[in-house]
Structure formats: C-alpha cells, structure tokens
Amino acid sequence: MTASPSPAADLTRPDGSPVRVLVVDDENDLADLLSMALRYEGWDVTTEHTGSDALHTARELRPDAVVLDVMLPDMDGPAVVARLRRELPAVPVLFVTAKDAVEDRIAGLTAGGDDFVTKPFGLEEVVARLRGLLRRAGAAAVRQDSLLVVGDLVLDEDSHEVSRGGQGIHLTATEFELLRYLMRNPRRVLSKAQILDRVWSYDFGGQANVVELYISYLRKKIDVGRPPMIHTRRGAGYLIKPGEAV
C-alpha cells in the first residue's frame with residue numbers, strides 16, 4: 001500500500017522519491033493508525049502483520065526504515081531483526097513494545113533494534129523517532145526549504161522550532177501540527193472539517209470545538225501583544241496571514 005508524497009514530505013530518498021517505511025504489527029487498527037500518520041509525512045508505507053510476511057516484503061521493498069512490533073504471532077521482533085540484518089544490515093528499526101522493562105529494551109537493542117517506543121505512545125513520537133533514525137542512517141536527503149515563513153512568524157519543520165519576531169515560542173505537538181497546516185496555506189480559509197482531517201487525521205464525531213480550542217491556544221502564544229495573524233471567518237473557518245500594525 002502506498003500513497004503519493006504530500007507537501008509535508010521533507011525527507012526523501014537520494015533519488016528524490018518518497019522514503020519507504022515498512023510497518024509490522026499484528027494489531028490491524030494500530031498498524032493502520034501508524035501507516036496513516038507516516039503517510040501524512042509524505043512517505044510510502046507498506047504494512048504487514050507477521051514476521052515471515054515482513055521479511056518477504058523487506059526483501060522486495062528494500063525499506064528505508066522498519067517499525068516493528070516486538071510480539072508477533074509467528075516470531076518475536078528480535079528474531080525478525082536478526083534475519084533482516086542478514087540482507088539489510090543498515091536499515092533502521094524502531095521497536096514498538098508493550099513492555100517497558102529495561103531488560104526487554106536491552107534485549108531488543110542487542111538483537112539489532114535502533115530505538116523503542118512503548119505502548120501507549122503518541123504518533124508524533126513515532127514520527128520524530130523515525131526522522132532521527134533516518135537522518136542518522138544517512139538513508140534520506142533533507143529538503144533545504146524546511147522553513148515556513150508568514151510575516152515575522154517562522155516555523156522550522158525539521159527542528160520543530162517556532163519564533164515570531166525572533167522570539168522563540170514553545171508549542172505542544174498538536175499546536176505545532178495545527179500551526180504548520182495553517183502556515184502551509186497562508187491567506188487561505190481552512191474549514192474545521194479540513195483541519196480535523198489533516199491535523200487529527202480521524203473523525204472527532206462532530207466535536208469540531210476541539211479546533212476552536214486549539215486555535216485559542218495558538219492565539220494566546222502567537223498573537224497576544226502583537227498584531228493578530230490568526231483570523232476567523234464566521235461560517236467558513238480560519239486563516240493565517242501576516243500581522244498588520246494598528
């Protein structure tokens with residue numbers, strides 16, 4: 001299963017094609033959720049649910065990174081990595097585990113894993129850890145135009161740093177994703193439904209007030225004491241544009 005690269009993609013293969021990620025988890029819902037989050041980054045994602053299928057796909061796909069559940073129905077994650085390393089010795093492997101014991105992590109790292117996330121985890125954490133693994137492995141080229149700039153507001157998609165007028169602004173992961181979506185579409189009105197789909201990536205059951213809540217959070221951090229940049233268009237949605245001095 002693959003998806004076309006989105007404007008969010010700032011990591012690519014050396015030939016410019018999307019990063020390839022293999023997600024291996026026997027929980028279908030979790031595998032789908034992980035795949036959705038990684039596709040949002042513009043990456044090509046393939047999912048498998050057993051160790052044997054994962055090994056077969058890896059031989060064909062030659063992925064740039066693997067997200068691997070420690071517990072699979074036919075073999076455990078460390079066993080999969082041990083066999084995977086024979087053909088792809090340098091591919092980064094991010095283990096997903098329900099176990100948080102130090103000895104389990106050591107066993108996984110000893111088997112050849114590169115990093116861990118422990119269930120339950122945030123999708124932002126998985127994406128951030130994969131980005132770090134890809135860069136350290138040198139498997140992907142980094143886009144140079146990683147800065148989004150609207151007026152005096154600057155967002156760095158690589159470092160996740162945000163500043164306005166040279167002053168740093170700390171945002172939560174969700175606030176950052178919301179601001180990034182707004183800044184990718186300056187002066188364009190984005191509906192609550194569009195924002196829910198792109199930032200939260202799943203149906204909130206009609207609870208579009210979560211968008212209003214996070215817009216208010218952003219305004220408090222970005223607009224207070226400065227010419228406002230985030231604007232509401234009643235009945236239509238929200239947009240961002242350079243602040244105009246009063």
# chains A, B, ... in the order shown; residues from 1 in each chain; ligands from 1

$ residues_around --residues "A:Tyr214" --least-positions-apart "3" --cutoff "10 Å" --atoms "only C-alpha atoms" --output "list in words"
Thr174, Glu175, Leu178, Leu179, Asn209, Val210, Val211, Tyr217, Leu218, Arg219 and Lys220 of chain A

$ write_last_selection --atoms "N, CA, C and O atoms" --output "PDB file, in the first residue's frame"
ATOM      1  N   THR A 174       0.546  18.955  19.061  1.00  0.00           N
ATOM      2  CA  THR A 174      -0.685  19.222  18.312  1.00  0.00           C
ATOM      3  C   THR A 174      -0.755  20.675  17.880  1.00  0.00           C
ATOM      4  O   THR A 174      -1.179  20.975  16.751  1.00  0.00           O
ATOM      5  N   GLU A 175      -0.357  21.599  18.746  1.00  0.00           N
ATOM      6  CA  GLU A 175      -0.328  23.015  18.371  1.00  0.00           C
ATOM      7  C   GLU A 175       0.606  23.229  17.185  1.00  0.00           C
ATOM      8  O   GLU A 175       0.304  23.987  16.257  1.00  0.00           O
ATOM      9  N   LEU A 178      -1.057  21.996  13.956  1.00  0.00           N
ATOM     10  CA  LEU A 178      -2.103  22.926  13.532  1.00  0.00           C
ATOM     11  C   LEU A 178      -1.482  24.168  12.904  1.00  0.00           C
ATOM     12  O   LEU A 178      -1.909  24.612  11.822  1.00  0.00           O
ATOM     13  N   LEU A 179      -0.460  24.729  13.558  1.00  0.00           N
ATOM     14  CA  LEU A 179       0.186  25.912  13.002  1.00  0.00           C
ATOM     15  C   LEU A 179       0.858  25.592  11.675  1.00  0.00           C
ATOM     16  O   LEU A 179       0.796  26.384  10.723  1.00  0.00           O
ATOM     17  N   ASN A 209     -15.422  21.512  18.067  1.00  0.00           N
ATOM     18  CA  ASN A 209     -14.990  22.528  19.027  1.00  0.00           C
ATOM     19  C   ASN A 209     -13.543  22.327  19.452  1.00  0.00           C
ATOM     20  O   ASN A 209     -12.930  23.247  19.995  1.00  0.00           O
ATOM     21  N   VAL A 210     -12.982  21.113  19.197  1.00  0.00           N
ATOM     22  CA  VAL A 210     -11.569  20.912  19.518  1.00  0.00           C
ATOM     23  C   VAL A 210     -10.701  21.833  18.668  1.00  0.00           C
ATOM     24  O   VAL A 210      -9.640  22.294  19.111  1.00  0.00           O
ATOM     25  N   VAL A 211     -11.139  22.140  17.447  1.00  0.00           N
ATOM     26  CA  VAL A 211     -10.400  23.074  16.592  1.00  0.00           C
ATOM     27  C   VAL A 211     -10.431  24.466  17.211  1.00  0.00           C
ATOM     28  O   VAL A 211      -9.398  25.147  17.302  1.00  0.00           O
ATOM     29  N   TYR A 217      -5.570  28.330  21.805  1.00  0.00           N
ATOM     30  CA  TYR A 217      -4.245  28.108  22.378  1.00  0.00           C
ATOM     31  C   TYR A 217      -3.172  28.808  21.537  1.00  0.00           C
ATOM     32  O   TYR A 217      -2.261  29.460  22.073  1.00  0.00           O
ATOM     33  N   LEU A 218      -3.267  28.638  20.217  1.00  0.00           N
ATOM     34  CA  LEU A 218      -2.277  29.257  19.332  1.00  0.00           C
ATOM     35  C   LEU A 218      -2.310  30.776  19.433  1.00  0.00           C
ATOM     36  O   LEU A 218      -1.265  31.428  19.462  1.00  0.00           O
ATOM     37  N   ARG A 219      -3.510  31.324  19.468  1.00  0.00           N
ATOM     38  CA  ARG A 219      -3.624  32.792  19.548  1.00  0.00           C
ATOM     39  C   ARG A 219      -2.950  33.332  20.807  1.00  0.00           C
ATOM     40  O   ARG A 219      -2.297  34.379  20.772  1.00  0.00           O
ATOM     41  N   LYS A 220      -3.112  32.621  21.922  1.00  0.00           N
ATOM     42  CA  LYS A 220      -2.505  33.077  23.170  1.00  0.00           C
ATOM     43  C   LYS A 220      -0.982  33.079  23.087  1.00  0.00           C
ATOM     44  O   LYS A 220      -0.315  33.906  23.724  1.00  0.00           O
TER      45      LYS A 220
END

$ select_by_dssp --residues "stretch 55-186 of chain A" --states "helix (DSSP H, G or I)" --output "PDB file with N, CA and C atoms, in the first residue's frame"
ATOM      1  N   LEU A  55       9.535 -10.159   6.474  1.00  0.00           N
ATOM      2  CA  LEU A  55      10.833 -10.490   5.878  1.00  0.00           C
ATOM      3  C   LEU A  55      10.728 -10.605   4.359  1.00  0.00           C
ATOM      4  N   HIS A  56       9.666 -11.236   3.881  1.00  0.00           N
ATOM      5  CA  HIS A  56       9.469 -11.368   2.440  1.00  0.00           C
ATOM      6  C   HIS A  56       9.310  -9.992   1.792  1.00  0.00           C
ATOM      7  N   THR A  57       8.491  -9.120   2.408  1.00  0.00           N
ATOM      8  CA  THR A  57       8.261  -7.788   1.859  1.00  0.00           C
ATOM      9  C   THR A  57       9.530  -6.952   1.908  1.00  0.00           C
ATOM     10  N   ALA A  58      10.295  -7.078   2.983  1.00  0.00           N
ATOM     11  CA  ALA A  58      11.524  -6.292   3.110  1.00  0.00           C
ATOM     12  C   ALA A  58      12.511  -6.616   1.990  1.00  0.00           C
ATOM     13  N   ARG A  59      12.560  -7.887   1.613  1.00  0.00           N
ATOM     14  CA  ARG A  59      13.464  -8.274   0.523  1.00  0.00           C
ATOM     15  C   ARG A  59      13.064  -7.598  -0.783  1.00  0.00           C
ATOM     16  N   GLU A  60      11.760  -7.475  -1.002  1.00  0.00           N
ATOM     17  CA  GLU A  60      11.272  -6.878  -2.238  1.00  0.00           C
ATOM     18  C   GLU A  60      11.291  -5.356  -2.178  1.00  0.00           C
ATOM     19  N   LEU A  61      10.890  -4.819  -1.036  1.00  0.00           N
ATOM     20  CA  LEU A  61      10.704  -3.372  -0.892  1.00  0.00           C
ATOM     21  C   LEU A  61      12.003  -2.621  -0.663  1.00  0.00           C
ATOM     22  N   GLY A  77       9.959  -9.926  17.601  1.00  0.00           N
ATOM     23  CA  GLY A  77      10.657  -8.879  16.881  1.00  0.00           C
ATOM     24  C   GLY A  77      12.156  -9.067  16.784  1.00  0.00           C
ATOM     25  N   PRO A  78      12.841  -9.392  17.881  1.00  0.00           N
ATOM     26  CA  PRO A  78      14.286  -9.612  17.792  1.00  0.00           C
ATOM     27  C   PRO A  78      14.668 -10.696  16.791  1.00  0.00           C
ATOM     28  N   ALA A  79      13.861 -11.745  16.679  1.00  0.00           N
ATOM     29  CA  ALA A  79      14.152 -12.799  15.698  1.00  0.00           C
ATOM     30  C   ALA A  79      13.998 -12.271  14.275  1.00  0.00           C
ATOM     31  N   VAL A  80      12.996 -11.421  14.076  1.00  0.00           N
ATOM     32  CA  VAL A  80      12.807 -10.818  12.761  1.00  0.00           C
ATOM     33  C   VAL A  80      14.003  -9.939  12.401  1.00  0.00           C
ATOM     34  N   VAL A  81      14.452  -9.137  13.367  1.00  0.00           N
ATOM     35  CA  VAL A  81      15.581  -8.244  13.111  1.00  0.00           C
ATOM     36  C   VAL A  81      16.843  -9.042  12.802  1.00  0.00           C
ATOM     37  N   ALA A  82      17.072 -10.121  13.546  1.00  0.00           N
ATOM     38  CA  ALA A  82      18.275 -10.935  13.319  1.00  0.00           C
ATOM     39  C   ALA A  82      18.326 -11.443  11.883  1.00  0.00           C
ATOM     40  N   ARG A  83      17.186 -11.858  11.332  1.00  0.00           N
ATOM     41  CA  ARG A  83      17.154 -12.341   9.954  1.00  0.00           C
ATOM     42  C   ARG A  83      17.182 -11.189   8.970  1.00  0.00           C
ATOM     43  N   LEU A  84      16.531 -10.081   9.342  1.00  0.00           N
ATOM     44  CA  LEU A  84      16.507  -8.910   8.466  1.00  0.00           C
ATOM     45  C   LEU A  84      17.902  -8.349   8.251  1.00  0.00           C
ATOM     46  N   ARG A  85      18.716  -8.367   9.298  1.00  0.00           N
ATOM     47  CA  ARG A  85      20.055  -7.784   9.236  1.00  0.00           C
ATOM     48  C   ARG A  85      20.976  -8.527   8.259  1.00  0.00           C
ATOM     49  N   ARG A  86      20.654  -9.765   7.936  1.00  0.00           N
ATOM     50  CA  ARG A  86      21.499 -10.501   7.002  1.00  0.00           C
ATOM     51  C   ARG A  86      21.461  -9.893   5.609  1.00  0.00           C
ATOM     52  N   GLU A  87      20.319  -9.309   5.243  1.00  0.00           N
ATOM     53  CA  GLU A  87      20.174  -8.729   3.914  1.00  0.00           C
ATOM     54  C   GLU A  87      20.181  -7.211   3.929  1.00  0.00           C
ATOM     55  N   VAL A 102      13.639  -2.529  31.532  1.00  0.00           N
ATOM     56  CA  VAL A 102      14.964  -2.231  30.990  1.00  0.00           C
ATOM     57  C   VAL A 102      15.549  -3.447  30.289  1.00  0.00           C
ATOM     58  N   GLU A 103      15.338  -4.655  30.865  1.00  0.00           N
ATOM     59  CA  GLU A 103      15.931  -5.850  30.257  1.00  0.00           C
ATOM     60  C   GLU A 103      15.322  -6.132  28.875  1.00  0.00           C
ATOM     61  N   ASP A 104      14.042  -5.805  28.687  1.00  0.00           N
ATOM     62  CA  ASP A 104      13.410  -6.014  27.385  1.00  0.00           C
ATOM     63  C   ASP A 104      14.003  -5.069  26.345  1.00  0.00           C
ATOM     64  N   ARG A 105      14.258  -3.844  26.761  1.00  0.00           N
ATOM     65  CA  ARG A 105      14.857  -2.878  25.829  1.00  0.00           C
ATOM     66  C   ARG A 105      16.280  -3.299  25.464  1.00  0.00           C
ATOM     67  N   ILE A 106      17.022  -3.745  26.454  1.00  0.00           N
ATOM     68  CA  ILE A 106      18.400  -4.175  26.192  1.00  0.00           C
ATOM     69  C   ILE A 106      18.406  -5.361  25.238  1.00  0.00           C
ATOM     70  N   ALA A 107      17.470  -6.295  25.443  1.00  0.00           N
ATOM     71  CA  ALA A 107      17.397  -7.469  24.565  1.00  0.00           C
ATOM     72  C   ALA A 107      17.100  -7.056  23.132  1.00  0.00           C
ATOM     73  N   GLY A 108      16.186  -6.116  22.970  1.00  0.00           N
ATOM     74  CA  GLY A 108      15.844  -5.644  21.635  1.00  0.00           C
ATOM     75  C   GLY A 108      16.987  -4.920  20.964  1.00  0.00           C
ATOM     76  N   LEU A 109      17.672  -4.068  21.719  1.00  0.00           N
ATOM     77  CA  LEU A 109      18.804  -3.334  21.154  1.00  0.00           C
ATOM     78  C   LEU A 109      19.948  -4.278  20.827  1.00  0.00           C
ATOM     79  N   THR A 110      20.153  -5.281  21.677  1.00  0.00           N
ATOM     80  CA  THR A 110      21.203  -6.263  21.422  1.00  0.00           C
ATOM     81  C   THR A 110      20.916  -7.046  20.146  1.00  0.00           C
ATOM     82  N   LEU A 123       1.550   9.406  18.209  1.00  0.00           N
ATOM     83  CA  LEU A 123       2.009   9.271  16.824  1.00  0.00           C
ATOM     84  C   LEU A 123       3.132  10.248  16.522  1.00  0.00           C
ATOM     85  N   GLU A 124       3.077  11.431  17.153  1.00  0.00           N
ATOM     86  CA  GLU A 124       4.143  12.416  16.932  1.00  0.00           C
ATOM     87  C   GLU A 124       5.489  11.868  17.367  1.00  0.00           C
ATOM     88  N   GLU A 125       5.486  11.074  18.462  1.00  0.00           N
ATOM     89  CA  GLU A 125       6.735  10.498  18.955  1.00  0.00           C
ATOM     90  C   GLU A 125       7.304   9.499  17.952  1.00  0.00           C
ATOM     91  N   VAL A 126       6.432   8.678  17.369  1.00  0.00           N
ATOM     92  CA  VAL A 126       6.893   7.703  16.382  1.00  0.00           C
ATOM     93  C   VAL A 126       7.522   8.412  15.189  1.00  0.00           C
ATOM     94  N   VAL A 127       6.844   9.440  14.686  1.00  0.00           N
ATOM     95  CA  VAL A 127       7.360  10.187  13.530  1.00  0.00           C
ATOM     96  C   VAL A 127       8.696  10.834  13.869  1.00  0.00           C
ATOM     97  N   ALA A 128       8.781  11.455  15.039  1.00  0.00           N
ATOM     98  CA  ALA A 128      10.022  12.122  15.430  1.00  0.00           C
ATOM     99  C   ALA A 128      11.185  11.142  15.556  1.00  0.00           C
ATOM    100  N   ARG A 129      10.927   9.981  16.147  1.00  0.00           N
ATOM    101  CA  ARG A 129      11.992   8.980  16.309  1.00  0.00           C
ATOM    102  C   ARG A 129      12.432   8.426  14.957  1.00  0.00           C
ATOM    103  N   LEU A 130      11.475   8.214  14.052  1.00  0.00           N
ATOM    104  CA  LEU A 130      11.842   7.720  12.720  1.00  0.00           C
ATOM    105  C   LEU A 130      12.662   8.756  11.964  1.00  0.00           C
ATOM    106  N   ARG A 131      12.287  10.017  12.075  1.00  0.00           N
ATOM    107  CA  ARG A 131      13.066  11.076  11.417  1.00  0.00           C
ATOM    108  C   ARG A 131      14.508  11.055  11.908  1.00  0.00           C
ATOM    109  N   GLY A 132      14.666  10.925  13.232  1.00  0.00           N
ATOM    110  CA  GLY A 132      16.013  10.901  13.779  1.00  0.00           C
ATOM    111  C   GLY A 132      16.801   9.693  13.292  1.00  0.00           C
ATOM    112  N   LEU A 133      16.170   8.533  13.249  1.00  0.00           N
ATOM    113  CA  LEU A 133      16.848   7.326  12.778  1.00  0.00           C
ATOM    114  C   LEU A 133      17.242   7.452  11.306  1.00  0.00           C
ATOM    115  N   LEU A 134      16.341   7.984  10.494  1.00  0.00           N
ATOM    116  CA  LEU A 134      16.629   8.132   9.064  1.00  0.00           C
ATOM    117  C   LEU A 134      17.809   9.071   8.829  1.00  0.00           C
ATOM    118  N   ARG A 135      17.836  10.156   9.568  1.00  0.00           N
ATOM    119  CA  ARG A 135      18.936  11.108   9.376  1.00  0.00           C
ATOM    120  C   ARG A 135      20.265  10.516   9.842  1.00  0.00           C
ATOM    121  N   ARG A 136      20.239   9.826  10.981  1.00  0.00           N
ATOM    122  CA  ARG A 136      21.479   9.242  11.484  1.00  0.00           C
ATOM    123  C   ARG A 136      21.998   8.157  10.544  1.00  0.00           C
ATOM    124  N   ALA A 137      21.060   7.450   9.913  1.00  0.00           N
ATOM    125  CA  ALA A 137      21.469   6.378   8.993  1.00  0.00           C
ATOM    126  C   ALA A 137      21.920   6.921   7.645  1.00  0.00           C
ATOM    127  N   ALA A 173       2.912  19.326  20.570  1.00  0.00           N
ATOM    128  CA  ALA A 173       2.962  18.648  19.272  1.00  0.00           C
ATOM    129  C   ALA A 173       1.720  18.948  18.435  1.00  0.00           C
ATOM    130  N   THR A 174       0.546  18.955  19.061  1.00  0.00           N
ATOM    131  CA  THR A 174      -0.685  19.222  18.312  1.00  0.00           C
ATOM    132  C   THR A 174      -0.755  20.675  17.880  1.00  0.00           C
ATOM    133  N   GLU A 175      -0.357  21.599  18.746  1.00  0.00           N
ATOM    134  CA  GLU A 175      -0.328  23.015  18.371  1.00  0.00           C
ATOM    135  C   GLU A 175       0.606  23.229  17.185  1.00  0.00           C
ATOM    136  N   PHE A 176       1.750  22.538  17.214  1.00  0.00           N
ATOM    137  CA  PHE A 176       2.709  22.669  16.116  1.00  0.00           C
ATOM    138  C   PHE A 176       2.099  22.188  14.812  1.00  0.00           C
ATOM    139  N   GLU A 177       1.414  21.032  14.816  1.00  0.00           N
ATOM    140  CA  GLU A 177       0.819  20.498  13.595  1.00  0.00           C
ATOM    141  C   GLU A 177      -0.271  21.426  13.059  1.00  0.00           C
ATOM    142  N   LEU A 178      -1.057  21.996  13.956  1.00  0.00           N
ATOM    143  CA  LEU A 178      -2.103  22.926  13.532  1.00  0.00           C
ATOM    144  C   LEU A 178      -1.482  24.168  12.904  1.00  0.00           C
ATOM    145  N   LEU A 179      -0.460  24.729  13.558  1.00  0.00           N
ATOM    146  CA  LEU A 179       0.186  25.912  13.002  1.00  0.00           C
ATOM    147  C   LEU A 179       0.858  25.592  11.675  1.00  0.00           C
ATOM    148  N   ARG A 180       1.483  24.427  11.574  1.00  0.00           N
ATOM    149  CA  ARG A 180       2.139  24.046  10.327  1.00  0.00           C
ATOM    150  C   ARG A 180       1.126  23.975   9.182  1.00  0.00           C
ATOM    151  N   TYR A 181      -0.046  23.409   9.443  1.00  0.00           N
ATOM    152  CA  TYR A 181      -1.068  23.311   8.400  1.00  0.00           C
ATOM    153  C   TYR A 181      -1.552  24.697   7.981  1.00  0.00           C
ATOM    154  N   LEU A 182      -1.753  25.578   8.949  1.00  0.00           N
ATOM    155  CA  LEU A 182      -2.161  26.945   8.618  1.00  0.00           C
ATOM    156  C   LEU A 182      -1.093  27.649   7.789  1.00  0.00           C
ATOM    157  N   MET A 183       0.183  27.478   8.197  1.00  0.00           N
ATOM    158  CA  MET A 183       1.263  28.202   7.515  1.00  0.00           C
ATOM    159  C   MET A 183       1.573  27.630   6.144  1.00  0.00           C
TER     160      MET A 183
END

$ select_by_dssp --residues "stretch 179-236 of chain A" --states "strand (DSSP E or B)" --output "MDAnalysis selection string"
chainID A and resid 190 230:233

$ closest_residue --among "A:Met36, A:Val117, A:Val24, A:Leu196" --to "A:Ala65" --atoms "only C-alpha atoms"
A:Val24

$ closest_residue --among "A:Asp197, A:Asp223, A:Asp25, A:Glu41" --to "A:Pro73" --atoms "only C-alpha atoms"
A:Asp25

$ atom_distance --atom1 "atom CA of A:Val70" --atom2 "atom CA of A:Val23"
11.9 Å

$ atom_distance --atom1 "atom CA of A:Arg13" --atom2 "atom CA of A:Leu155"
23.4 Å
